[in-house]
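To be precise, the following lines are structure-v2.cif, and they hold mmCIF, C-alpha atoms, pLDDT in the B column; chains and numbers go by the auth columns.
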```
data_run
loop_
_atom_site.group_PDB
_atom_site.id
_atom_site.type_symbol
_atom_site.label_atom_id
_atom_site.label_comp_id
_atom_site.label_asym_id
_atom_site.label_seq_id
_atom_site.Cartn_x
_atom_site.Cartn_y
_atom_site.Cartn_z
_atom_site.B_iso_or_equiv
_atom_site.auth_seq_id
_atom_site.auth_asym_id
ATOM 1 C CA VAL A 1 2.706 -7.608 24.868 81.00 259 A
ATOM 2 C CA THR A 2 -0.072 -9.785 26.213 82.00 260 A
ATOM 3 C CA VAL A 3 -3.659 -8.647 25.701 76.00 261 A
ATOM 4 C CA THR A 4 -5.841 -9.810 28.560 80.00 262 A
ATOM 5 C CA ALA A 5 -9.110 -8.043 27.730 75.00 263 A
ATOM 6 C CA GLN A 6 -10.752 -6.110 24.951 73.00 264 A
ATOM 7 C CA ARG A 7 -12.820 -3.011 25.540 68.00 265 A
ATOM 8 C CA SER A 8 -16.190 -3.338 23.877 71.00 266 A
ATOM 9 C CA ASP A 9 -17.234 0.262 24.537 74.00 267 A
ATOM 10 C CA VAL A 10 -14.742 1.754 22.003 71.00 268 A
ATOM 11 C CA ASP A 11 -15.423 1.519 18.281 73.00 269 A
ATOM 12 C CA PRO A 12 -12.033 1.024 16.552 70.00 270 A
ATOM 13 C CA LYS A 13 -13.204 3.228 13.657 69.00 271 A
ATOM 14 C CA SER A 14 -13.480 6.140 16.086 69.00 272 A
ATOM 15 C CA LEU A 15 -9.702 5.980 16.651 70.00 273 A
ATOM 16 C CA VAL A 16 -8.850 6.785 13.017 76.00 274 A
ATOM 17 C CA GLN A 17 -8.574 10.494 12.287 85.00 275 A
ATOM 18 C CA PRO A 18 -8.650 11.348 8.575 90.00 276 A
ATOM 19 C CA GLY A 19 -5.472 13.086 7.501 95.00 277 A
ATOM 20 C CA VAL A 20 -2.437 13.137 5.229 97.00 278 A
ATOM 21 C CA SER A 21 1.279 13.366 5.860 96.00 279 A
ATOM 22 C CA ILE A 22 4.635 13.124 4.134 97.00 280 A
ATOM 23 C CA LEU A 23 6.518 10.026 5.291 97.00 281 A
ATOM 24 C CA GLU A 24 9.746 10.812 3.412 97.00 282 A
ATOM 25 C CA PRO A 25 11.836 12.913 3.411 97.00 283 A
ATOM 26 C CA ALA A 26 11.894 13.991 7.042 95.00 284 A
ATOM 27 C CA PRO A 27 11.112 17.640 7.821 93.00 285 A
ATOM 28 C CA GLY A 28 14.094 19.981 7.922 91.00 286 A
ATOM 29 C CA THR A 29 16.431 17.643 6.082 92.00 287 A
ATOM 30 C CA ALA A 30 18.679 18.402 3.126 95.00 288 A
ATOM 31 C CA VAL A 31 18.015 16.234 0.086 97.00 289 A
ATOM 32 C CA GLN A 32 19.867 15.836 -3.183 96.00 290 A
ATOM 33 C CA VAL A 33 18.028 15.721 -6.490 96.00 291 A
ATOM 34 C CA PRO A 34 16.391 13.568 -7.537 97.00 292 A
ATOM 35 C CA PHE A 35 14.635 12.623 -4.302 97.00 293 A
ATOM 36 C CA ASN A 36 11.576 10.551 -3.463 97.00 294 A
ATOM 37 C CA VAL A 37 8.558 11.994 -1.642 97.00 295 A
ATOM 38 C CA VAL A 38 6.298 9.390 0.000 98.00 296 A
ATOM 39 C CA PHE A 39 2.671 10.335 0.738 98.00 297 A
ATOM 40 C CA HIS A 40 0.453 8.809 3.438 96.00 298 A
ATOM 41 C CA ALA A 41 -3.316 8.952 3.957 96.00 299 A
ATOM 42 C CA SER A 42 -5.167 7.781 7.041 93.00 300 A
ATOM 43 C CA GLY A 43 -8.937 7.266 6.993 92.00 301 A
ATOM 44 C CA LEU A 44 -9.194 8.510 3.392 94.00 302 A
ATOM 45 C CA ASN A 45 -9.819 6.740 0.079 95.00 303 A
ATOM 46 C CA VAL A 46 -7.001 7.401 -2.397 97.00 304 A
ATOM 47 C CA SER A 47 -7.865 6.693 -6.019 96.00 305 A
ATOM 48 C CA HIS A 48 -7.439 7.690 -9.636 96.00 306 A
ATOM 49 C CA VAL A 49 -9.174 11.008 -10.345 95.00 307 A
ATOM 50 C CA ASP A 50 -11.541 9.299 -12.820 95.00 308 A
ATOM 51 C CA LEU A 51 -13.138 7.333 -9.982 92.00 309 A
ATOM 52 C CA LYS A 52 -15.914 9.713 -9.000 93.00 310 A
ATOM 53 C CA GLU A 53 -17.066 7.945 -5.833 93.00 311 A
ATOM 54 C CA LYS A 54 -18.102 9.906 -2.751 90.00 312 A
ATOM 55 C CA ASP A 55 -15.202 10.607 -0.365 90.00 313 A
ATOM 56 C CA THR A 56 -12.465 9.586 -2.837 95.00 314 A
ATOM 57 C CA GLY A 57 -9.540 11.814 -3.658 97.00 315 A
ATOM 58 C CA HIS A 58 -5.973 12.111 -4.862 97.00 316 A
ATOM 59 C CA PHE A 59 -2.797 13.826 -3.681 98.00 317 A
ATOM 60 C CA ARG A 60 -1.485 17.250 -4.640 97.00 318 A
ATOM 61 C CA LEU A 61 1.871 18.578 -3.477 98.00 319 A
ATOM 62 C CA ALA A 62 2.520 22.288 -2.920 97.00 320 A
ATOM 63 C CA LEU A 63 6.140 23.465 -3.191 97.00 321 A
ATOM 64 C CA SER A 64 6.756 27.069 -2.118 97.00 322 A
ATOM 65 C CA ARG A 65 9.995 28.915 -2.763 96.00 323 A
ATOM 66 C CA GLU A 66 10.818 32.610 -2.850 94.00 324 A
ATOM 67 C CA GLY A 67 7.169 33.611 -2.464 93.00 325 A
ATOM 68 C CA LYS A 68 5.947 31.433 -5.344 96.00 326 A
ATOM 69 C CA THR A 69 3.958 28.219 -4.961 97.00 327 A
ATOM 70 C CA GLU A 70 3.798 25.429 -7.511 96.00 328 A
ATOM 71 C CA ARG A 71 1.195 22.691 -7.087 96.00 329 A
ATOM 72 C CA ILE A 72 1.842 19.253 -8.559 97.00 330 A
ATOM 73 C CA ASP A 73 -1.280 17.147 -9.020 96.00 331 A
ATOM 74 C CA PHE A 74 -1.110 13.334 -8.831 97.00 332 A
ATOM 75 C CA PRO A 75 -4.396 12.314 -10.518 96.00 333 A
ATOM 76 C CA GLY A 76 -3.388 8.677 -10.993 96.00 334 A
ATOM 77 C CA GLY A 77 -3.704 7.799 -7.313 95.00 335 A
ATOM 78 C CA HIS A 78 0.078 7.961 -6.822 96.00 336 A
ATOM 79 C CA THR A 79 1.389 7.650 -3.287 97.00 337 A
ATOM 80 C CA GLU A 80 4.963 8.683 -4.040 97.00 338 A
ATOM 81 C CA ALA A 81 6.902 10.719 -6.573 97.00 339 A
ATOM 82 C CA TRP A 82 10.483 11.414 -7.607 97.00 340 A
ATOM 83 C CA LEU A 83 11.147 15.167 -7.767 97.00 341 A
ATOM 84 C CA GLN A 84 13.980 17.212 -9.219 96.00 342 A
ATOM 85 C CA PRO A 85 13.316 20.882 -8.393 95.00 343 A
ATOM 86 C CA PRO A 86 16.041 23.538 -8.585 95.00 344 A
ATOM 87 C CA PRO A 87 18.259 23.814 -5.483 96.00 345 A
ATOM 88 C CA GLY A 88 16.968 26.020 -2.694 96.00 346 A
ATOM 89 C CA ASP A 89 14.916 26.224 0.485 96.00 347 A
ATOM 90 C CA TYR A 90 11.326 25.022 0.126 97.00 348 A
ATOM 91 C CA ARG A 91 8.163 24.875 2.188 97.00 349 A
ATOM 92 C CA VAL A 92 6.318 21.662 1.265 97.00 350 A
ATOM 93 C CA GLN A 93 2.710 20.730 2.017 98.00 351 A
ATOM 94 C CA LEU A 94 0.668 17.702 0.968 98.00 352 A
ATOM 95 C CA GLU A 95 -3.017 18.128 0.120 97.00 353 A
ATOM 96 C CA PHE A 96 -5.759 15.573 -0.460 98.00 354 A
ATOM 97 C CA VAL A 97 -8.141 16.798 -3.174 97.00 355 A
ATOM 98 C CA SER A 98 -11.689 15.513 -3.772 97.00 356 A
ATOM 99 C CA ASN A 99 -12.361 13.552 -6.957 96.00 357 A
ATOM 100 C CA THR A 100 -16.033 14.579 -7.014 96.00 358 A
ATOM 101 C CA GLU A 101 -15.593 18.264 -6.151 94.00 359 A
ATOM 102 C CA PRO A 102 -12.531 19.510 -8.081 85.00 360 A
ATOM 103 C CA GLY A 103 -10.471 21.969 -6.071 88.00 361 A
ATOM 104 C CA ARG A 104 -11.931 20.985 -2.680 96.00 362 A
ATOM 105 C CA VAL A 105 -9.107 20.123 -0.290 97.00 363 A
ATOM 106 C CA MET A 106 -10.315 17.371 2.049 96.00 364 A
ATOM 107 C CA ALA A 107 -7.148 17.269 4.181 97.00 365 A
ATOM 108 C CA SER A 108 -3.727 18.942 4.379 97.00 366 A
ATOM 109 C CA SER A 109 -0.492 18.017 6.075 97.00 367 A
ATOM 110 C CA MET A 110 1.435 20.381 8.276 96.00 368 A
ATOM 111 C CA PRO A 111 3.860 22.399 6.134 96.00 369 A
ATOM 112 C CA MET A 112 7.477 21.317 6.386 96.00 370 A
ATOM 113 C CA ASP A 113 10.776 22.910 5.407 96.00 371 A
ATOM 114 C CA LEU A 114 13.145 21.151 3.035 96.00 372 A
ATOM 115 C CA LYS A 115 16.540 22.114 1.624 96.00 373 A
ATOM 116 C CA VAL A 116 17.223 20.857 -1.890 96.00 374 A
ATOM 117 C CA THR A 117 20.852 20.534 -3.031 95.00 375 A
ATOM 118 C CA ARG A 118 22.582 19.147 -6.108 90.00 376 A
#
```
Re-express the file's structure as structure tokens.
Amino acid sequence: VTVTAQRSDVDPKSLVQPGVSILEPAPGTAVQVPFNVVFHASGLNVSHVDLKEKDTGHFRLALSREGKTERIDFPGGHTEAWLQPPPGDYRVQLEFVSNTEPGRVMASSMPMDLKVTR
């Protein structure tokens, strides 16, 4: 790719949309325990929960199975985790929670389905 000109009328910061997503595993896949879940944040400041700066936050993972939801908080600023839930079909969603306003979800990923096997 050869760049021949740069547009000066577009602020690069305007192209970043704040959001979160799960990079691994892929939606709809079957995984064996233990498995690694990799979190991603775009346009957000991930930090340890003790850092109480404006617009900072940490990840929380919601695992739903058989009508019950368990939320796993990652207050240390983690961007990945090894999980070992019981086998079954899960709905998984990543949330980005404010460090200054506990409980306020600043961004959420699209829910994804995951099959956990042994």
> Of the candidates A:Met364, A:Leu321, A:Val296, A:Val261, which one gets nearest to Gly346 in chain A if we count all atoms listed in the file?
Replying inline: A:Leu321
> What is the CA of Gly325 in chain A-CA of Pro369 in chain A distance in Å, reported with one decimal?
Replying inline: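 Separating CA of Gly325 in chain A from CA of Pro369 in chain A is a distance of 14.5 Å.
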I want to know what sits within 8 Å of Glu311 in chain A, based on all atoms listed in the file, with residues of the same chain fewer than 2 positions away left out; could you give that as a PDB file with C-alpha atoms, keeping the file's coordinate frame?
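And here's selection_25.pdb as it stands now:
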```pdb
ATOM      1  CA  LEU A 309     -13.138   7.333  -9.982  1.00 92.00           C
ATOM      2  CA  ASP A 313     -15.202  10.607  -0.365  1.00 90.00           C
ATOM      3  CA  THR A 314     -12.465   9.586  -2.837  1.00 95.00           C
ATOM      4  CA  ASN A 357     -12.361  13.552  -6.957  1.00 96.00           C
ATOM      5  CA  THR A 358     -16.033  14.579  -7.014  1.00 96.00           C
TER       6      THR A 358
END
```
> What residues come out when you apply the PyMOL selection byres ((chain A and resi 267-278) around 8) to this file, written as a list in words?
Replying inline: Arg265, Ser266, Ser279, Ile280, Phe297, His298, Ala299, Ser300, Gly301, Leu302, Leu352, Glu353, Phe354, Ala365, Ser366 and Ser367 of chain A
>> If the PyMOL selection byres ((chain A and resi 331) around 7) were run on this exact file, what residues would it hold? Put them as a PyMOL selection string.
In response: chain A and resi 317-319+329-330+332-333
> If you measure from CA of Pro360 in chain A to CA of Ser305 in chain A, what distance in Å do you get, rounded to one decimal?
Replying inline: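 Computed distance, CA of Pro360 in chain A to CA of Ser305 in chain A, equals 13.8 Å.
Distance-wise, CA of Pro285 in chain A and CA of Thr375 in chain A end up 14.9 Å apart.
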Chain and number of each residue from the PyMOL selection byres ((chain A and resi 294) around 12), as a PDB file with C-alpha atoms, in the frame of the given file:
```pdb
ATOM      1  CA  ILE A 280       4.635  13.124   4.134  1.00 97.00           C
ATOM      2  CA  LEU A 281       6.518  10.026   5.291  1.00 97.00           C
ATOM      3  CA  GLU A 282       9.746  10.812   3.412  1.00 97.00           C
ATOM      4  CA  PRO A 283      11.836  12.913   3.411  1.00 97.00           C
ATOM      5  CA  ALA A 284      11.894  13.991   7.042  1.00 95.00           C
ATOM      6  CA  VAL A 289      18.015  16.234   0.086  1.00 97.00           C
ATOM      7  CA  GLN A 290      19.867  15.836  -3.183  1.00 96.00           C
ATOM      8  CA  VAL A 291      18.028  15.721  -6.490  1.00 96.00           C
ATOM      9  CA  PRO A 292      16.391  13.568  -7.537  1.00 97.00           C
ATOM     10  CA  PHE A 293      14.635  12.623  -4.302  1.00 97.00           C
ATOM     11  CA  VAL A 295       8.558  11.994  -1.642  1.00 97.00           C
ATOM     12  CA  VAL A 296       6.298   9.390   0.000  1.00 98.00           C
ATOM     13  CA  PHE A 297       2.671  10.335   0.738  1.00 98.00           C
ATOM     14  CA  THR A 337       1.389   7.650  -3.287  1.00 97.00           C
ATOM     15  CA  GLU A 338       4.963   8.683  -4.040  1.00 97.00           C
ATOM     16  CA  ALA A 339       6.902  10.719  -6.573  1.00 97.00           C
ATOM     17  CA  TRP A 340      10.483  11.414  -7.607  1.00 97.00           C
ATOM     18  CA  LEU A 341      11.147  15.167  -7.767  1.00 97.00           C
ATOM     19  CA  GLN A 342      13.980  17.212  -9.219  1.00 96.00           C
ATOM     20  CA  PRO A 343      13.316  20.882  -8.393  1.00 95.00           C
ATOM     21  CA  VAL A 374      17.223  20.857  -1.890  1.00 96.00           C
TER      22      VAL A 374
END
```
> With all atoms listed in the file as the atoms that count, which of A:Arg323, A:His316, A:Arg376, A:Lys310 lies nearest to Val350 in chain A?
Replying inline: A:Arg323
> A:Ala263, A:Ser356, A:Gln351, A:Thr327: which is nearest Met370 in chain A, counting all atoms listed in the file?
Replying inline: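 For Met370 in chain A, the nearest of the given residues is A:Gln351.
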